[in-house]
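Asker: Contents of final-v6.cif (mmCIF, C-alpha atoms) are below:
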data_protein
#
loop_
_atom_site.label_atom_id
_atom_site.label_comp_id
_atom_site.auth_asym_id
_atom_site.auth_seq_id
_atom_site.Cartn_x
_atom_site.Cartn_y
_atom_site.Cartn_z
CA MET J 1 37.11 -18.65 4.69
CA THR J 2 34.26 -17.99 2.27
CA PRO J 3 32.99 -14.43 2.59
CA SER J 4 29.43 -14.16 3.82
CA LYS J 5 26.92 -13.32 1.15
CA ARG J 6 25.01 -10.07 1.63
CA PRO J 7 21.33 -10.84 2.09
CA SER J 8 18.99 -9.74 -0.65
CA PRO J 9 17.29 -6.40 -0.04
CA SER J 10 13.72 -6.51 1.19
CA ILE J 11 10.57 -4.45 0.84
CA LEU J 12 7.32 -4.44 2.82
CA ILE J 13 4.40 -3.49 0.57
CA ILE J 14 1.17 -2.58 2.30
CA GLY J 15 -1.69 -3.44 -0.05
CA ALA J 16 -0.23 -5.93 -2.53
CA SER J 17 -3.11 -8.24 -3.39
CA ARG J 18 -3.84 -6.75 -6.85
CA GLY J 19 -3.40 -3.71 -9.07
CA LEU J 20 -0.38 -1.50 -8.51
CA GLY J 21 0.58 -3.17 -5.24
CA HIS J 22 0.75 -6.63 -6.79
CA ALA J 23 2.58 -5.28 -9.85
CA MET J 24 5.13 -3.59 -7.60
CA ALA J 25 5.68 -6.85 -5.72
CA ALA J 26 6.22 -8.72 -8.99
CA GLU J 27 8.66 -6.10 -10.27
CA PHE J 28 10.75 -6.19 -7.11
CA VAL J 29 10.78 -9.98 -7.18
CA SER J 30 12.04 -9.87 -10.77
CA ARG J 31 14.92 -7.70 -9.53
CA GLY J 32 15.95 -10.17 -6.85
CA TRP J 33 14.32 -8.55 -3.84
CA HIS J 34 12.54 -10.31 -1.02
CA VAL J 35 8.96 -9.09 -0.68
CA VAL J 36 6.53 -9.14 2.20
CA GLY J 37 3.11 -8.03 1.00
CA THR J 38 -0.13 -7.55 2.87
CA VAL J 39 -3.61 -8.59 1.78
CA ARG J 40 -7.04 -8.13 3.30
CA GLY J 41 -9.05 -11.13 4.41
CA GLY J 42 -8.32 -14.79 3.89
CA GLY J 43 -9.16 -15.25 0.21
CA ARG J 44 -6.67 -16.16 -2.49
CA THR J 45 -5.15 -13.24 -4.40
CA LEU J 46 -2.69 -12.57 -7.20
CA LEU J 47 -0.03 -12.17 -4.52
CA HIS J 48 -0.55 -15.81 -3.54
CA ASP J 49 0.12 -16.82 -7.13
CA LEU J 50 3.30 -14.74 -7.11
CA ALA J 51 4.40 -16.38 -3.87
CA ASP J 52 3.77 -19.87 -5.27
CA ALA J 53 5.84 -19.07 -8.36
CA ASN J 54 8.73 -17.63 -6.31
CA SER J 55 9.19 -19.92 -3.34
CA GLY J 56 11.04 -18.31 -0.46
CA GLN J 57 11.07 -14.87 -2.05
CA VAL J 58 7.55 -13.70 -1.23
CA ALA J 59 5.78 -13.77 2.12
CA ILE J 60 2.18 -12.77 2.76
CA GLU J 61 0.74 -11.01 5.80
CA SER J 62 -2.89 -10.17 6.53
CA LEU J 63 -3.85 -6.54 7.18
CA ASP J 64 -6.85 -4.27 6.78
CA ILE J 65 -5.23 -0.87 7.26
CA ASN J 66 -8.48 0.57 8.59
CA GLU J 67 -8.47 -1.86 11.54
CA PRO J 68 -5.98 -0.62 14.17
CA GLU J 69 -5.91 -3.91 16.04
CA GLN J 70 -4.77 -5.70 12.87
CA LEU J 71 -1.97 -3.18 12.47
CA THR J 72 -0.87 -3.77 16.05
CA ALA J 73 -0.86 -7.53 15.40
CA LEU J 74 1.22 -7.07 12.23
CA ARG J 75 3.75 -4.94 14.09
CA ASP J 76 4.04 -7.68 16.71
CA ARG J 77 4.54 -10.36 14.05
CA LEU J 78 7.24 -8.29 12.37
CA ASP J 79 9.06 -7.52 15.61
CA GLY J 80 12.80 -7.56 14.92
CA ARG J 81 12.35 -7.64 11.14
CA VAL J 82 14.01 -4.79 9.23
CA PHE J 83 13.22 -3.72 5.65
CA ASP J 84 15.08 -1.57 3.17
CA ILE J 85 11.82 -0.07 1.90
CA LEU J 86 8.33 0.34 3.31
CA PHE J 87 5.78 1.20 0.64
CA VAL J 88 2.16 2.00 1.48
CA ASN J 89 -0.27 1.50 -1.39
CA ALA J 90 -3.80 2.59 -0.51
CA GLY J 91 -6.44 4.46 -2.42
CA ILE J 92 -10.21 4.48 -2.86
CA SER J 93 -12.70 7.01 -4.16
CA ASN J 94 -16.34 7.63 -3.42
CA ARG J 95 -18.89 5.94 -5.63
CA ASP J 96 -19.40 9.09 -7.75
CA PRO J 97 -15.96 10.70 -8.02
CA HIS J 98 -17.43 13.72 -9.84
CA GLN J 99 -19.81 14.54 -6.99
CA ALA J 100 -19.33 18.02 -5.52
CA ILE J 101 -17.78 17.89 -2.07
CA GLY J 102 -20.83 19.51 -0.48
CA GLU J 103 -22.98 16.65 -1.76
CA VAL J 104 -20.79 13.84 -0.43
CA SER J 105 -22.29 11.87 2.44
CA THR J 106 -20.58 11.92 5.80
CA ALA J 107 -20.12 8.15 5.61
CA GLU J 108 -18.32 8.29 2.24
CA PHE J 109 -16.22 11.28 3.30
CA THR J 110 -15.12 9.44 6.43
CA GLU J 111 -14.32 6.20 4.57
CA VAL J 112 -12.21 7.88 1.88
CA MET J 113 -10.32 10.14 4.28
CA ILE J 114 -9.54 7.30 6.68
CA THR J 115 -8.41 4.93 3.93
CA ASN J 116 -6.39 7.44 1.89
CA ALA J 117 -4.95 9.72 4.57
CA LEU J 118 -5.25 8.51 8.16
CA SER J 119 -4.58 4.79 7.78
CA PRO J 120 -1.39 5.14 5.68
CA MET J 121 0.07 7.41 8.36
CA ARG J 122 -0.92 4.98 11.09
CA VAL J 123 0.95 2.28 9.19
CA ILE J 124 4.07 4.43 8.87
CA ASN J 125 4.00 5.45 12.52
CA ALA J 126 3.52 1.85 13.64
CA LEU J 127 6.20 0.34 11.39
CA GLU J 128 8.89 3.04 11.18
CA GLY J 129 10.98 0.99 13.60
CA ASN J 130 11.08 -1.82 11.01
CA ILE J 131 12.80 0.36 8.39
CA GLU J 132 16.54 0.65 7.97
CA PRO J 133 17.71 4.02 9.36
CA ALA J 134 18.93 4.94 5.87
CA GLY J 135 16.02 3.19 4.20
CA LEU J 136 13.04 4.52 2.28
CA VAL J 137 9.39 5.18 3.07
CA GLY J 138 7.22 5.41 -0.03
CA VAL J 139 3.53 6.23 -0.25
CA MET J 140 1.20 6.09 -3.23
CA SER J 141 -0.19 9.59 -3.59
CA SER J 142 -1.58 11.14 -6.78
CA GLY J 143 -1.07 14.13 -9.00
CA LEU J 144 -4.64 15.01 -8.04
CA GLY J 145 -3.32 15.74 -4.55
CA SER J 146 -1.48 18.81 -5.85
CA ILE J 147 -3.24 21.98 -4.70
CA SER J 148 -1.24 24.13 -7.13
CA ASN J 149 -2.21 21.99 -10.13
CA ASN J 150 -5.93 21.87 -9.39
CA GLU J 151 -7.35 24.03 -12.17
CA THR J 152 -10.30 21.85 -13.18
CA GLY J 153 -11.91 20.68 -9.95
CA LYS J 154 -13.62 17.26 -10.15
CA TRP J 155 -12.61 14.24 -8.07
CA GLU J 156 -12.99 16.61 -5.13
CA LEU J 157 -13.08 14.13 -2.28
CA TYR J 158 -10.26 12.03 -3.72
CA ARG J 159 -8.17 15.17 -4.32
CA GLY J 160 -8.75 16.32 -0.76
CA SER J 161 -7.79 12.97 0.71
CA LYS J 162 -4.52 12.84 -1.21
CA ALA J 163 -3.73 16.48 -0.37
CA ALA J 164 -4.28 15.57 3.28
CA LEU J 165 -1.97 12.58 2.90
CA ASN J 166 0.70 14.84 1.40
CA MET J 167 0.41 17.26 4.32
CA PHE J 168 0.64 14.47 6.88
CA MET J 169 3.75 13.14 5.16
CA ARG J 170 5.31 16.60 5.29
CA SER J 171 4.69 16.62 9.03
CA PHE J 172 6.27 13.17 9.33
CA ALA J 173 9.24 14.32 7.26
CA ALA J 174 9.73 17.38 9.45
CA LYS J 175 10.23 15.06 12.41
CA GLN J 176 12.83 13.11 10.39
CA ALA J 177 14.92 16.20 9.62
CA GLY J 178 18.62 15.43 10.03
CA THR J 179 18.14 11.67 9.67
CA PRO J 180 19.23 9.59 6.64
CA LEU J 181 15.68 8.40 5.94
CA ALA J 182 14.46 8.93 2.37
CA MET J 183 10.77 9.53 1.75
CA VAL J 184 8.71 9.83 -1.42
CA LEU J 185 5.11 10.60 -2.29
CA MET J 186 4.54 8.97 -5.67
CA ALA J 187 2.20 10.43 -8.30
CA PRO J 188 2.08 7.55 -10.79
CA GLY J 189 -0.21 9.10 -13.39
CA TRP J 190 -3.57 7.85 -14.66
CA ILE J 191 -3.17 4.08 -14.76
CA ARG J 192 -5.64 1.41 -15.85
CA THR J 193 -6.57 -0.10 -12.51
CA ASP J 194 -9.92 -0.69 -10.83
CA LEU J 195 -9.66 2.86 -9.50
CA GLY J 196 -8.27 4.46 -12.69
CA GLY J 197 -10.71 2.71 -14.99
CA PRO J 198 -10.32 1.34 -18.54
CA ASP J 199 -9.85 4.75 -20.19
CA ALA J 200 -6.72 5.66 -18.24
CA SER J 201 -3.63 6.77 -20.16
CA PHE J 202 -1.14 4.15 -18.98
CA THR J 203 -1.06 0.40 -18.41
CA ILE J 204 0.25 -1.18 -15.25
CA GLU J 205 2.82 -3.12 -17.28
CA GLU J 206 4.43 -0.02 -18.76
CA SER J 207 4.17 1.98 -15.55
CA MET J 208 5.59 -0.24 -12.84
CA PRO J 209 9.22 -0.50 -14.07
CA LEU J 210 9.33 3.31 -14.12
CA LEU J 211 7.90 3.57 -10.61
CA VAL J 212 10.32 1.01 -9.19
CA ASP J 213 13.23 2.76 -10.90
CA LEU J 214 12.07 5.96 -9.21
CA LEU J 215 12.00 4.30 -5.79
CA LEU J 216 15.44 2.79 -6.20
CA ALA J 217 16.88 6.11 -7.38
CA LYS J 218 15.47 7.84 -4.29
CA ARG J 219 17.30 5.48 -1.91
CA GLY J 220 20.19 7.20 -0.19
CA LYS J 221 18.69 10.67 -0.72
CA PRO J 222 17.30 11.82 2.65
CA GLY J 223 14.21 13.94 2.89
CA LEU J 224 10.75 13.96 1.33
CA GLU J 225 9.97 14.47 -2.36
CA TYR J 226 6.66 14.49 -4.26
CA LEU J 227 7.47 12.96 -7.64
CA ASP J 228 5.69 11.91 -10.82
CA ARG J 229 6.38 8.78 -12.87
CA GLN J 230 9.33 10.46 -14.61
CA GLY J 231 10.94 11.56 -11.34
CA ARG J 232 9.88 15.17 -11.77
CA THR J 233 8.83 17.23 -8.76
CA VAL J 234 5.06 17.75 -8.46
CA PRO J 235 4.00 21.16 -7.08
CA TRP J 236 2.49 20.92 -3.64
#
Using structure tokens, write down the structure from this file.
Answerer:
Amino acid sequence: MTPSKRPSPSILIIGASRGLGHAMAAEFVSRGWHVVGTVRGGGRTLLHDLADANSGQVAIESLDINEPEQLTALRDRLDGRVFDILFVNAGISNRDPHQAIGEVSTAEFTEVMITNALSPMRVINALEGNIEPAGLVGVMSSGLGSISNNETGKWELYRGSKAALNMFMRSFAAKQAGTPLAMVLMAPGWIRTDLGGPDASFTIEESMPLLVDLLLAKRGKPGLEYLDRQGRTVPW
């Protein structure tokens, strides 16, 4: 009898249409993983190109993480599907990232905090049943979310939203105490994306292999860590 072949590992990436999310999907595909990635809206994205070039290895789901009914629909579509890794990639800033927090409009404050802090946690709470018990939950945070390291100010709203995300993940991790689930808040560094801008220190191409290595190294290590691109602990 021919032994059954172990299925390829799989990852669900929330926010994979472009930038770091798309690059992460491409890197995992290159390493033989199956990828399910989400995109907003019905337009064509870089993830569609990746799916066309890797038939059967990439699947695309629609999700706007700020729309709870779309998250409920995604959970229903993924019912019974189990992933080795869930990674949530979400991040926006207000139009003037150097604006003092007291000058930020209520509308912009609400949009950034919902997108960067509330919605990622809603995703994790909704989809934690789709993760292997000894799997991994990863979230794209930022070094700017470190309260201890904030010695310059600036990017106040963005900093606050990522610090809030970090706190919410610590609460989630506390409820996972004693389980084999691994969790990581990733601080990838200043990368040349639409958010990071053209003057950022690192390219996506040089950054993503490091970030995927970090995720794979974290598998099998229960508990939450806040790590930079080199796998070093970031102060809370």
Asker: Evaluate the PyMOL selection byres ((chain J and resi 206) around 12) here and jot the selected residues down as a ChimeraX atom specification.
Answerer: /J:20,23-24,27,188-192,201-205,207-212,229
Asker: Just so the selection is clear, what residues does the PyMOL selection byres ((chain J and resi 71-82) around 8) cover here, as a list in words?
Answerer: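 What the PyMOL selection byres ((chain J and resi 71-82) around 8) grabs from the file is Glu61, Ser62, Leu63, Asp64, Ile65, Glu67, Pro68, Glu69, Gln70, Phe83, Asp84, Val123, Ala126, Leu127, Gly129, Asn130, Ile131 and Glu132 of chain J.
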Asker: Return as number ranges by chain the set of residues that the PyMOL selection byres ((chain J and resi 54) around 12) yields on the displayed structure.
Answerer: J: 25-26, 28-30, 32-35, 47-53, 55-59
Asker: Find the residues around Asp96 of chain J up to 10 Å (all atoms listed in the file counted), leave out those fewer than 6 positions away in its own chain, and share them as a compact mmCIF listing (two decimals) with C-alpha atoms, keeping the file's coordinate frame.
Answerer:
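Saved to out-v1.txt:
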# COMPACT_ATOMS: atom_id res chain seq x y z
CA VAL J 104 -20.79 13.84 -0.43
CA TRP J 155 -12.61 14.24 -8.07
CA LEU J 157 -13.08 14.13 -2.28
Asker: Hey, which of J:Gln99, J:Ser141, J:Ser93, J:Thr106 ends up closest to Leu227 of chain J? Count only C-alpha atoms.
Answerer: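 Of all the options, J:Ser141 lies closest to Leu227 of chain J.
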Asker: For Ile92 of chain J, work out the shell of residues within 8 Å, counting all atoms listed in the file and skipping chain neighbours fewer than 5 positions away, then give it as a ChimeraX atom specification.
Answerer: /J:112,115-116,158,195
Asker: Which residue out of J:Arg95, J:Lys154, J:Arg40, J:Arg31 has the minimum interatomic distance to Pro9 of chain J when all atoms listed in the file are used?
Answerer: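 Looking only at the distances to Pro9 of chain J, the closest residue turns out to be J:Arg31.
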Asker: Which residues, written as JSON, numbers by chain, have at least one atom at most 7 Å from Leu224 of chain J, with only C-alpha atoms counted and residues fewer than 5 positions away on the same chain left out?
Answerer: {"J": [173, 182, 183, 184]}
Asker: Measuring atom to atom with only C-alpha atoms, identify which of J:Trp236, J:Ile60, J:Gly15, J:Arg159 is nearest to Phe109 of chain J.
Answerer: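 Ranked by minimum distance to Phe109 of chain J, first place goes to J:Arg159.
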Asker: I need the residue nearest Leu136 of chain J from this list: J:Ala107, J:Val234, J:Val36, J:Ile124. Use all atoms listed in the file for the distance.
Answerer: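 Of J:Ala107, J:Val234, J:Val36, J:Ile124, the one nearest Leu136 of chain J is J:Ile124, counting all atoms listed in the file.
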Asker: In Å, rounded to a single decimal, give me how far atom CA of Arg44 of chain J is from atom CA of Glu111 of chain J.
Answerer: 24.7 Å
Asker: What is the atom CA of Ala163 of chain J-atom CA of Asn149 of chain J distance in Å, reported with one decimal?
Answerer: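 Separating atom CA of Ala163 of chain J from atom CA of Asn149 of chain J is a distance of 11.3 Å.
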Asker: How many Å separate atom CA of Gly153 of chain J from atom CA of Ala100 of chain J?
Answerer: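 These two atoms are separated by 9.0 Å.
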Asker: Neighbouring residues of Gly138 of chain J were defined as those with any atom within 10 Å, considering only C-alpha atoms; residues of the same chain fewer than 4 positions away were excluded. Please report them as a ChimeraX atom specification.
Answerer: /J:13,85-89,124,169,182-186,215,218,224-225
